[in-house]
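Beneath this line is the structure, given in structure tokens, with notes to follow.
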Amino acid sequence: MMLTRFLFERIDRGGWVFLVLLGLAAVLVPVLNLAVPPGSMFHVSNTAVGLWGKYMTYALLAIAVDLVWGYCGILSLGHGAFFALGGYAMGMYLMLQIGPRGVYAHPTLPDFMVFLNWTELPVAWWGFSSFPYAMLMVALVPGLLAFVFGWFAFRSRVTGVYLSIITQALTYALMLAFFRNDMGFGGNNGLTDFKDILGFNIQSQTTRAVLFSLSVLALMAGYLVARAIVTSKAGKIIIAIRDAEPRTRFLGYRVENFKLFVWTVSAVMAGIAGALYVPQVGIINPSEFSPANSIEAIVWVAVGGRGTLVGAALGAGLVNFAKSWFTGAFPQGWLFALGGLFIFVTLFLPKGILGTFTDWWKRRGESRKPPTASPASQPAE
Amino acid sequence: MLIDPMETQLPADPVKAIERPQVVTQSLLYLDGVSVSFDGFRAINNLSLIIAPGEMRAIIGPNGAGKTTMMDIITGKTKPDAGDVIFDGQVDLTQLDETAIANLGIGRKFQKPTVFEMHTVEDNIEMAVKADRTVFGTLFSRHSAEIWRRVDELLGIVRLGDHRKRLAGDLSHGQKQWLEIGMLLAQDPKLLLVDEPAAGMTDVETGATAELLKDIARTHSVVVVEHDMGFIRELGVKVTCLHEGSVLAEGSLDQVSADERVIEVYLGR
Amino acid sequence: MNASTRSGLDSGSGTLRPCSPPPAARDKDIGPIRALSAFLVAALAAFVLILAGPARAQDHAALVQRFATESFNDIAGAVNGLATSGSPRAAPVIEALRDGRLVYRAGDRQVFIRRPDNSFVNALTGEPAADVGTTRPVRLNNNVRRAIDAAVGALSLLHPDPARRTSAAEAVFKSRDSAALAALDAAIGQERDPRIRKLMEEARAAVVVANPQAAEADRIAAIGIIQRRGDQDALAMLGSLPATTPPLVREAAESAAVGIRRTLAVWEAGQNVWHGISLGSVLLLAAIGLAITFGVMGVINMAHGEMVMIGAYTTFVVQQTIRTVAPGLMDVSLFIALPMAFLVAGAIGVAIERLIIRHLYGRALETLLATWGVSLVLQQAVRTWFGPTNREVTTPSWMSGSIEIGHLAITANRLAIIVFAIIVFAALLLFLKRTPFGLQTRAVTQNRRMAGAMGIRTNWVDAFTFGLGSGIAGLAGVALSQIDNVSPNLGQAYIIDSFMVVVFGGVGNLWGTLVAAMTLGIANKFLEPYAGAVLGKILLLVFIILFIQKRPRGLFALKGRAVE
């Protein structure tokens, strides 16, 4: 009942369209992939399911980035770290599911550990053969890292570009660390050669279709959580912090606590996105921590429109679709296009596609009919 | 006092245990020997000031006299190098940050009007209204008729009722000043620090602002920093003149403006 | 191969390296064994030429004949005899023996040297010998090999080339062969160069310490000499005394070793500081331009690393041009590349400011994103233009080689970069302090709006500052091209470290940048031995992340109301 009230009061029209489309995709894509024969024009190819599934996890990451950047003004150049940590947690579970089927056929140890002549599982890996534990870690590890990092950073009022730079240093340090073999996470090669998840073959098309649907559902859930936060009174304060942080303090709000809250929620969301990403692409390695990845996620949000949530998800889809197309058609051209996109969006489209569209729509509405109340919160009058 | 003591988050008892003299315990705000310097420049130099409960005080002084820095110190934005800043006879403000000080009941209006430009006028007021300020309290807060009654009331006081749905960023300069005063009232503080409320206002608006402040002063303690002598005269309260970070003269406006040193400072030597 | 020969060869390679390698061999090893044997052959040949004299021919003939035997003792005796004979033919004979190329005809006890092309020469005369018939090789055992090494050492100790004498003394120090004692004494008596004499005395001391027959007092005195030498070799020498050493000598050796370790630790710290300063000056060069733009404009230029990269590629292009147009100018190519790199990178910087950053004034985070876009475009442009692989940049001869101060090895290219960094820093400091433009820049750094109100054209200052910062990055690129691979990713490798320097040092004060760069450089080098290069870097990043919590505006931050 609370949920329905929430859905009807706090989701705007764009949000509804977004949710309905996603819901349709979650049902139709697996059906069109599995039940419709490959020859039919309605058939969705296996490649497309994998690709779109990946886009869904990127879209969730984009929403996480938008939550902190678009609403709270924190430009994180390190969200890829939370994504990758979630991915690693999932990857560790998947590694332990391989069991004796590895190349070295060791009953418990993953291949890379056997190769390094290790005789037992490092402490960090304990418990990862249990799916619930691994899922807990997917949320807990990025969440905890974000909490500790944010607790220090926000308390000492590190803001603006300084914060951006140290988030970048964070993900860079993690990348260097994960490249090391003795960290115990597979070094350069990372974790790969997964066999199955919860007993289902990870290569089978049914599993992949289910993973796709789960990614869509996670995206919908992520959107709803983010929307719930930004439309609450806390959301107003978060936006107030973005626009005038000192003023919010003088009003008596603990700015650092609000920031810490959105920051941690966002990191957990990114971690979940990473966890869904890994079984669909079949590998996780330290390059996921590379600062360039995190910055790329920023441009998805910038293109779609920051502070719009739906736009962020849209941007993730569009940019990655463009990337897939470019790497096929002009592999040399992609970095030019991406670089150009960064410049173009910041110069000419600061509100992103969705923000610009919404402005245009509003202006159009205003010129047609007399001004009406904006759909903001309802006063008791 | 008319105002209920407010629940606040204090770090481990800011020097509450110390026995303080009566002059401290009976004042609302007590500054003694406060100094602060930035890179060798002494912005505040051995400043002492006492505001009694319920008092309204006007602070004047030329540019660079340290008026805004004094407000920064009281509200916790700047930490003094030396001196005592005691609120309500017992709380050492130098140990607290802006948020804690705001929650103790000290509200501030900035020299440059600072409102949340991307929020509507009514949302600006709503955020300021005294209520649960924790993350989870605001996250799960329900629509409260009581709060919104208060918002309506305040919008009436600051005459922005017709503009309640507009974005605060679209308001005129004077309207922003009023909105900020409205937000200050919404906090229901014991002490209001008002920095140049009449700056950039028309004469009519200035008069109205003076009336409003006098009205507020009936139930609150107020410190007003202002350049406009006409405005100060209208307030008709005790005046403190600051110069180079310390108090130059104190008394009624007539006394202060007759003071030779004040004249010298204002007219140059 | 037996142990003493091995150690002799190793010592050769160890001592060969510090004395100026050929310019082509920058930071590379030329196979040490091959180098040593080439050197020995040359040494012996030269020795022979000098000491050649007919009076000794008779002697020589008898000595050479003694090789025609199956008795190892006789062979060893022959080696010793030949070595001290001073005969011009001694060196090739001993050399051939060492390589197993000395043969004799059993019938007439004639001794021949088999040359690598399997022809023979008469060992006695050095003349080609045709139709040698059946021969047997002169046999070798460890005893003989030791004798050979000592002989080679003794022959070299008197060599006219100081470098040869130096290495010969070092070789004896390593081998500690008492057979060399006589030769050493003779050499010490003749030696004019005090440094080489000191080495020889040290070698003699090593021989004495290791010699069980020497008097205890002599051995302890010798330990004193070795302690004064005070390097790793001395430490190794003192640590490998035979088990039969008397306790008094052993005690002296142990206390000497403790002393050496203490001084070595100081030298090692010194070496770390030097490497740290070297790294710090690289960081300073890379970060200082960034610090200026960040200080003045409050924007982080993510394309700064690409400016460094462009500077390095400018060096490459300049050298390419010189190679085809005026090869003689190669040694001054860097001096031509410096202004070019400054201009090219500076011009690109001004273009970026005018075309992009100007429109994003006051939006620091957007500027960061836009300049990241620029960096992607520049990287890809260079990759398309010059290819993705490393381009080779030549090091001028004056930047090759190294010098030694005490136990510090100082390479010329690092030294040049440190000097260059100091010059750039000082020039920039002077520029900002003493020129009208510098005054305007500092004014804008401290209070942009006030500066604008005073009539300073802040947008003009912005463009120029950005050009200046980028130009300096270009200069850094020229310097980096000398120590790093010139590839499109060059800038990326330095950008995060540069950020750390700027964040650590704070803005608005060049000294902050200097202190931060040097601190990070030295800390990095001190952490490396304990934590490894990667972990050391991680530790530093974590340290800075924590540091920034304590001082969010860096070491040397501006204070006051203008900051907000």
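Just so we're on the same page: first chain in the structure tokens is A, next is B, and so on; residues restart at 1 for each chain, and ligands are numbered from 1 in the order they show up.
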Would you give me, as a count of residues only, the residues of chain A that come within 8 Å of chain B, using only C-alpha atoms? 25
Residues of chain C that have any atom at most 6 Å from an atom of chain A: could you tabulate them with the shortest-distance atom pair and the distance in Å to one decimal, using only C-alpha atoms, ordered by chain and increasing number, as CSV?
residue,atom,partner,partner_atom,distance
C:Glu366,CA,A:Thr346,CA,6.0
C:Ala370,CA,A:Ile343,CA,4.6
C:Gly373,CA,A:Gly339,CA,3.7
C:Val374,CA,A:Gly339,CA,5.9
C:Leu376,CA,A:Gly339,CA,5.1
C:Val377,CA,A:Phe336,CA,4.9
C:Ile538,CA,A:Ala173,CA,5.2
C:Gln549,CA,A:Ser156,CA,5.2
C:Pro552,CA,A:Val158,CA,5.5
Going by DSSP on the backbone, which residues of region 57-217 of chain A come out as alpha helix (DSSP H)? List them as a ChimeraX atom specification. /A:57-66,79-98,111-115,131-155,160-179,205-217
Write to file, as a CSV table (one decimal), in the first residue's frame, the residues of the selection just made, with C-alpha atoms.
chain,number,residue,atom,x,y,z
A,57,THR,CA,24.1,-2.8,-15.7
A,58,TYR,CA,25.8,0.3,-17.1
A,59,ALA,CA,22.5,2.1,-16.8
A,60,LEU,CA,22.3,1.2,-13.2
A,61,LEU,CA,25.8,2.4,-12.7
A,62,ALA,CA,24.8,5.7,-14.4
A,63,ILE,CA,21.8,6.1,-12.1
A,64,ALA,CA,24.2,5.6,-9.1
A,65,VAL,CA,26.6,8.3,-10.5
A,66,ASP,CA,23.6,10.6,-11.2
A,79,HIS,CA,32.6,5.0,-9.2
A,80,GLY,CA,34.1,2.4,-11.4
A,81,ALA,CA,35.8,1.2,-8.2
A,82,PHE,CA,32.5,0.3,-6.5
A,83,PHE,CA,31.3,-1.3,-9.7
A,84,ALA,CA,34.4,-3.4,-10.0
A,85,LEU,CA,34.3,-4.4,-6.3
A,86,GLY,CA,30.8,-5.6,-6.7
A,87,GLY,CA,32.0,-7.4,-9.8
A,88,TYR,CA,34.9,-9.0,-8.0
A,89,ALA,CA,32.6,-10.2,-5.2
A,90,MET,CA,30.4,-11.9,-7.8
A,91,GLY,CA,33.5,-13.2,-9.6
A,92,MET,CA,34.8,-14.8,-6.5
A,93,TYR,CA,31.6,-16.7,-6.0
A,94,LEU,CA,31.6,-17.8,-9.6
A,95,MET,CA,35.3,-18.9,-9.3
A,96,LEU,CA,34.6,-21.1,-6.4
A,97,GLN,CA,31.6,-22.6,-8.3
A,98,ILE,CA,34.1,-24.0,-10.9
A,111,ASP,CA,43.4,-22.3,-11.2
A,112,PHE,CA,45.4,-19.1,-10.6
A,113,MET,CA,46.0,-20.0,-7.0
A,114,VAL,CA,47.2,-23.5,-7.9
A,115,PHE,CA,49.5,-21.8,-10.5
A,131,PHE,CA,25.7,-17.4,-2.8
A,132,PRO,CA,23.9,-15.4,0.0
A,133,TYR,CA,27.2,-14.5,1.5
A,134,ALA,CA,28.6,-13.4,-1.8
A,135,MET,CA,25.5,-11.3,-2.5
A,136,LEU,CA,25.9,-9.7,0.9
A,137,MET,CA,29.5,-8.8,0.1
A,138,VAL,CA,28.4,-7.4,-3.3
A,139,ALA,CA,26.6,-4.7,-1.4
A,140,LEU,CA,28.7,-4.6,1.8
A,141,VAL,CA,32.2,-4.2,0.3
A,142,PRO,CA,31.5,-1.2,-1.9
A,143,GLY,CA,29.2,0.2,0.7
A,144,LEU,CA,31.7,-0.1,3.5
A,145,LEU,CA,34.6,1.3,1.4
A,146,ALA,CA,32.3,4.2,0.4
A,147,PHE,CA,31.2,4.8,3.9
A,148,VAL,CA,34.8,4.9,5.3
A,149,PHE,CA,36.1,7.0,2.5
A,150,GLY,CA,33.1,9.4,2.6
A,151,TRP,CA,33.2,9.6,6.4
A,152,PHE,CA,36.7,11.0,6.2
A,153,ALA,CA,36.2,13.1,3.1
A,154,PHE,CA,32.9,14.7,3.9
A,155,ARG,CA,33.7,15.4,7.6
A,160,GLY,CA,34.8,20.1,-5.7
A,161,VAL,CA,37.7,19.1,-7.8
A,162,TYR,CA,39.7,18.0,-4.7
A,163,LEU,CA,37.2,15.4,-4.0
A,164,SER,CA,37.1,14.4,-7.7
A,165,ILE,CA,40.8,14.0,-7.7
A,166,ILE,CA,41.0,11.8,-4.6
A,167,THR,CA,38.2,9.6,-5.8
A,168,GLN,CA,40.3,9.1,-8.9
A,169,ALA,CA,43.3,8.3,-6.7
A,170,LEU,CA,41.1,5.8,-4.9
A,171,THR,CA,40.2,3.8,-7.9
A,172,TYR,CA,43.8,4.1,-9.3
A,173,ALA,CA,45.2,2.8,-6.0
A,174,LEU,CA,42.8,-0.1,-6.1
A,175,MET,CA,43.7,-0.8,-9.7
A,176,LEU,CA,47.4,-1.0,-8.8
A,177,ALA,CA,46.5,-3.2,-5.9
A,178,PHE,CA,44.4,-5.7,-7.9
A,179,PHE,CA,47.1,-6.0,-10.5
A,205,GLN,CA,21.0,-19.1,-23.3
A,206,THR,CA,18.3,-19.5,-20.7
A,207,THR,CA,20.6,-18.4,-17.9
A,208,ARG,CA,21.7,-15.5,-20.0
A,209,ALA,CA,18.2,-14.5,-20.7
A,210,VAL,CA,17.3,-14.7,-17.0
A,211,LEU,CA,20.4,-12.6,-16.1
A,212,PHE,CA,19.2,-10.0,-18.6
A,213,SER,CA,15.8,-9.9,-16.9
A,214,LEU,CA,17.4,-9.6,-13.5
A,215,SER,CA,19.5,-6.7,-14.7
A,216,VAL,CA,16.4,-4.9,-16.0
A,217,LEU,CA,14.7,-5.6,-12.6
Chain B contacts to chain C at 9 Å (only C-alpha atoms) as a list in words: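 Output check: Ser37, Phe38, Asp39 and Thr69 of chain B.
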Those residues with C-alpha atoms, as a compact mmCIF listing (two decimals), in the first residue's frame please?
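Written file, result01.txt:
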# COMPACT_ATOMS: atom_id res chain seq x y z
CA SER B 37 44.13 36.83 11.87
CA PHE B 38 44.50 35.67 8.29
CA ASP B 39 48.09 35.38 7.08
CA THR B 69 34.25 38.06 10.29
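Using only C-alpha atoms, the contacts of Ala68 (chain C) at a cut-off of 10 Å, with sequence neighbours closer than 6 positions omitted, comprise Asp74, Ile75, Ala78, Leu102, Val103, Tyr104, Arg105, Ala106, Gly107, Asp108, Arg109, Gln110, Val111, Phe112, Arg136, Pro137, Val138 and Arg139 of chain C.
The coordinates place CA of Thr445 (chain C) at 23.1 Å from CA of Ala421 (chain C).
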Residue contacts of Val194 (chain B) (12 Å, only C-alpha atoms) excluding same-chain residues fewer than 4 positions away, as number ranges by chain: B: 56-59, 67-68, 70-72, 75, 106-113, 177-178, 180-185, 198-199, 209-210, 213, 216-217, 221-226
Name the residues in contact with region 11-28 of chain A at a cut-off of 12 Å, using only C-alpha atoms, excluding same-chain residues fewer than 6 positions from it; report them as number ranges by chain. A: 3-5, 34-36, 42-44, 49, 52-53, 56, 59, 209-232, 308-314, 354-355, 357-358, 361, 374-376
Deliver the residues from the most recent selection as a file, using N, CA and C atoms, as a compact mmCIF listing (two decimals), in the first residue's frame.
# COMPACT_ATOMS: atom_id res chain seq x y z
N LEU A 3 3.78 1.30 -1.09
CA LEU A 3 4.49 1.31 -2.37
C LEU A 3 3.60 1.92 -3.45
N THR A 4 2.33 1.54 -3.47
CA THR A 4 1.46 2.10 -4.51
C THR A 4 1.32 3.60 -4.32
N ARG A 5 1.19 4.03 -3.05
CA ARG A 5 1.11 5.47 -2.82
C ARG A 5 2.35 6.18 -3.32
N LEU A 34 14.20 -16.68 -26.68
CA LEU A 34 14.16 -18.12 -26.45
C LEU A 34 13.07 -18.80 -27.24
N ALA A 35 11.88 -18.15 -27.32
CA ALA A 35 10.72 -18.85 -27.89
C ALA A 35 10.55 -18.60 -29.38
N VAL A 36 11.04 -17.47 -29.86
CA VAL A 36 10.86 -17.18 -31.29
C VAL A 36 12.04 -17.77 -32.06
N PHE A 42 11.10 -11.25 -35.53
CA PHE A 42 10.92 -10.82 -34.15
C PHE A 42 11.96 -11.43 -33.22
N HIS A 43 12.80 -12.30 -33.78
CA HIS A 43 13.78 -12.95 -32.94
C HIS A 43 14.83 -11.95 -32.43
N VAL A 44 15.16 -12.07 -31.13
CA VAL A 44 16.25 -11.25 -30.58
C VAL A 44 17.46 -12.16 -30.46
N VAL A 49 21.02 -10.00 -26.62
CA VAL A 49 20.64 -10.17 -25.21
C VAL A 49 21.83 -9.87 -24.31
N TRP A 52 22.61 -6.01 -24.52
CA TRP A 52 21.62 -5.18 -23.83
C TRP A 52 21.68 -5.42 -22.32
N GLY A 53 21.94 -6.66 -21.96
CA GLY A 53 22.08 -6.95 -20.53
C GLY A 53 23.21 -6.13 -19.92
N MET A 56 22.19 -2.62 -19.45
CA MET A 56 21.32 -2.42 -18.28
C MET A 56 22.16 -2.21 -17.02
N ALA A 59 23.52 1.14 -17.14
CA ALA A 59 22.49 2.14 -16.83
C ALA A 59 22.31 2.25 -15.32
N ALA A 209 19.40 -15.22 -20.56
CA ALA A 209 18.15 -14.45 -20.67
C ALA A 209 17.65 -14.06 -19.29
N VAL A 210 17.78 -14.99 -18.33
CA VAL A 210 17.34 -14.68 -16.97
C VAL A 210 18.21 -13.57 -16.38
N LEU A 211 19.52 -13.65 -16.64
CA LEU A 211 20.42 -12.60 -16.15
C LEU A 211 20.02 -11.25 -16.73
N PHE A 212 19.62 -11.27 -18.01
CA PHE A 212 19.17 -10.03 -18.63
C PHE A 212 17.98 -9.46 -17.87
N SER A 213 16.99 -10.33 -17.63
CA SER A 213 15.79 -9.86 -16.95
C SER A 213 16.12 -9.35 -15.55
N LEU A 214 17.03 -10.06 -14.86
CA LEU A 214 17.42 -9.62 -13.52
C LEU A 214 18.07 -8.24 -13.57
N SER A 215 18.88 -8.04 -14.60
CA SER A 215 19.54 -6.73 -14.73
C SER A 215 18.50 -5.64 -14.92
N VAL A 216 17.48 -5.93 -15.74
CA VAL A 216 16.42 -4.95 -15.96
C VAL A 216 15.70 -4.67 -14.65
N LEU A 217 15.40 -5.73 -13.92
CA LEU A 217 14.70 -5.55 -12.65
C LEU A 217 15.56 -4.75 -11.67
N ALA A 218 16.86 -5.04 -11.65
CA ALA A 218 17.75 -4.29 -10.75
C ALA A 218 17.76 -2.82 -11.14
N LEU A 219 17.74 -2.56 -12.45
CA LEU A 219 17.73 -1.18 -12.92
C LEU A 219 16.45 -0.48 -12.46
N MET A 220 15.31 -1.20 -12.61
CA MET A 220 14.03 -0.61 -12.17
C MET A 220 14.08 -0.34 -10.66
N ALA A 221 14.58 -1.30 -9.91
CA ALA A 221 14.65 -1.13 -8.45
C ALA A 221 15.56 0.04 -8.10
N GLY A 222 16.71 0.09 -8.80
CA GLY A 222 17.65 1.19 -8.55
C GLY A 222 17.00 2.53 -8.83
N TYR A 223 16.24 2.58 -9.94
CA TYR A 223 15.57 3.83 -10.27
C TYR A 223 14.58 4.21 -9.17
N LEU A 224 13.79 3.22 -8.71
CA LEU A 224 12.78 3.51 -7.70
C LEU A 224 13.42 3.99 -6.40
N VAL A 225 14.50 3.34 -5.99
CA VAL A 225 15.18 3.75 -4.76
C VAL A 225 15.70 5.19 -4.91
N ALA A 226 16.37 5.44 -6.04
CA ALA A 226 16.93 6.77 -6.27
C ALA A 226 15.82 7.81 -6.30
N ARG A 227 14.73 7.45 -6.97
CA ARG A 227 13.60 8.37 -7.07
C ARG A 227 13.00 8.65 -5.69
N ALA A 228 12.90 7.58 -4.88
CA ALA A 228 12.36 7.74 -3.54
C ALA A 228 13.22 8.71 -2.74
N ILE A 229 14.54 8.58 -2.90
CA ILE A 229 15.42 9.47 -2.15
C ILE A 229 15.27 10.91 -2.62
N VAL A 230 15.33 11.12 -3.94
CA VAL A 230 15.38 12.51 -4.40
C VAL A 230 14.04 13.22 -4.27
N THR A 231 12.93 12.48 -4.18
CA THR A 231 11.66 13.16 -4.03
C THR A 231 11.26 13.31 -2.56
N SER A 232 12.06 12.76 -1.66
CA SER A 232 11.75 12.93 -0.23
C SER A 232 12.23 14.31 0.23
N THR A 308 18.42 13.77 -13.62
CA THR A 308 17.16 13.32 -14.20
C THR A 308 16.93 11.83 -13.98
N LEU A 309 17.91 11.09 -13.53
CA LEU A 309 17.85 9.64 -13.34
C LEU A 309 17.55 8.89 -14.64
N VAL A 310 16.33 9.14 -15.20
CA VAL A 310 15.99 8.43 -16.44
C VAL A 310 17.00 8.80 -17.52
N GLY A 311 17.35 10.08 -17.56
CA GLY A 311 18.31 10.54 -18.57
C GLY A 311 19.64 9.84 -18.42
N ALA A 312 20.08 9.63 -17.17
CA ALA A 312 21.35 8.97 -16.94
C ALA A 312 21.35 7.57 -17.55
N ALA A 313 20.24 6.84 -17.29
CA ALA A 313 20.13 5.49 -17.83
C ALA A 313 20.12 5.53 -19.36
N LEU A 314 19.37 6.49 -19.87
CA LEU A 314 19.29 6.67 -21.33
C LEU A 314 20.67 6.96 -21.91
N LEU A 354 17.94 14.70 -22.00
CA LEU A 354 16.63 14.70 -21.35
C LEU A 354 16.33 16.07 -20.73
N GLY A 355 17.34 16.68 -20.09
CA GLY A 355 17.13 17.98 -19.47
C GLY A 355 16.73 19.02 -20.51
N PHE A 357 15.38 18.44 -23.41
CA PHE A 357 14.05 18.09 -23.93
C PHE A 357 12.95 18.56 -22.96
N THR A 358 13.19 18.31 -21.67
CA THR A 358 12.19 18.70 -20.67
C THR A 358 11.98 20.21 -20.68
N TRP A 361 9.93 21.14 -23.63
CA TRP A 361 8.55 20.69 -23.45
C TRP A 361 7.79 21.66 -22.54
N SER A 374 3.71 24.15 -10.67
CA SER A 374 4.64 23.08 -11.03
C SER A 374 4.30 21.85 -10.18
N PRO A 375 4.65 20.68 -10.65
CA PRO A 375 4.25 19.47 -9.93
C PRO A 375 5.10 19.19 -8.70
N ALA A 376 5.57 20.24 -8.05
CA ALA A 376 6.38 20.01 -6.85
C ALA A 376 5.47 19.64 -5.68
Residue contacts of Ile60 (chain B) (9 Å, only C-alpha atoms) excluding same-chain residues fewer than 4 positions away, as a list of chain:residue names: B:Ala65, B:Lys67, B:Val224, B:Val225, B:Glu226, B:His227, B:Asp228, B:Met229, B:Ile232, B:Val239, B:Thr240, B:Cys241, B:Leu242, B:His243
Using only C-alpha atoms, please write the residues we just selected to a file, as a tab-separated table (two decimals), in the first residue's frame.
chain	number	residue	atom	x	y	z
B	65	ALA	CA	36.02	46.67	10.33
B	67	LYS	CA	31.67	42.85	10.96
B	224	VAL	CA	21.90	43.69	12.68
B	225	VAL	CA	24.91	44.73	10.64
B	226	GLU	CA	24.06	47.65	8.40
B	227	HIS	CA	25.65	50.55	6.55
B	228	ASP	CA	22.44	52.48	6.04
B	229	MET	CA	22.24	55.02	8.90
B	232	ILE	CA	19.58	52.11	11.89
B	239	VAL	CA	24.61	50.77	18.33
B	240	THR	CA	28.10	49.32	18.39
B	241	CYS	CA	30.70	50.77	16.07
B	242	LEU	CA	33.53	48.42	15.04
B	243	HIS	CA	36.84	49.56	13.66
What are the DSSP strand (DSSP E) residues of region 1-234 of chain B, as a PyMOL selection string? chain B and resi 29-38+41-51+56-60+82-87+91-92+106-109+191-195+221-225
Pairwise distance for CA of Val299 (chain C) and CA of Leu368 (chain C), rounded to one decimal in Å: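 Going from CA of Val299 (chain C) over to CA of Leu368 (chain C), I get 6.8 Å.
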Near Arg115 (chain C), within 8 Å and counting only C-alpha atoms, which residues show up once chain neighbours fewer than 5 positions away are dropped, as a PDB file with C-alpha atoms, in the first residue's frame?
ATOM      1  CA  ARG C 101      94.075 -23.657 -26.606  1.00  0.00           C
ATOM      2  CA  PHE C 120      98.714 -22.925 -34.910  1.00  0.00           C
ATOM      3  CA  VAL C 121     101.436 -20.543 -33.848  1.00  0.00           C
TER       4      VAL C 121
END
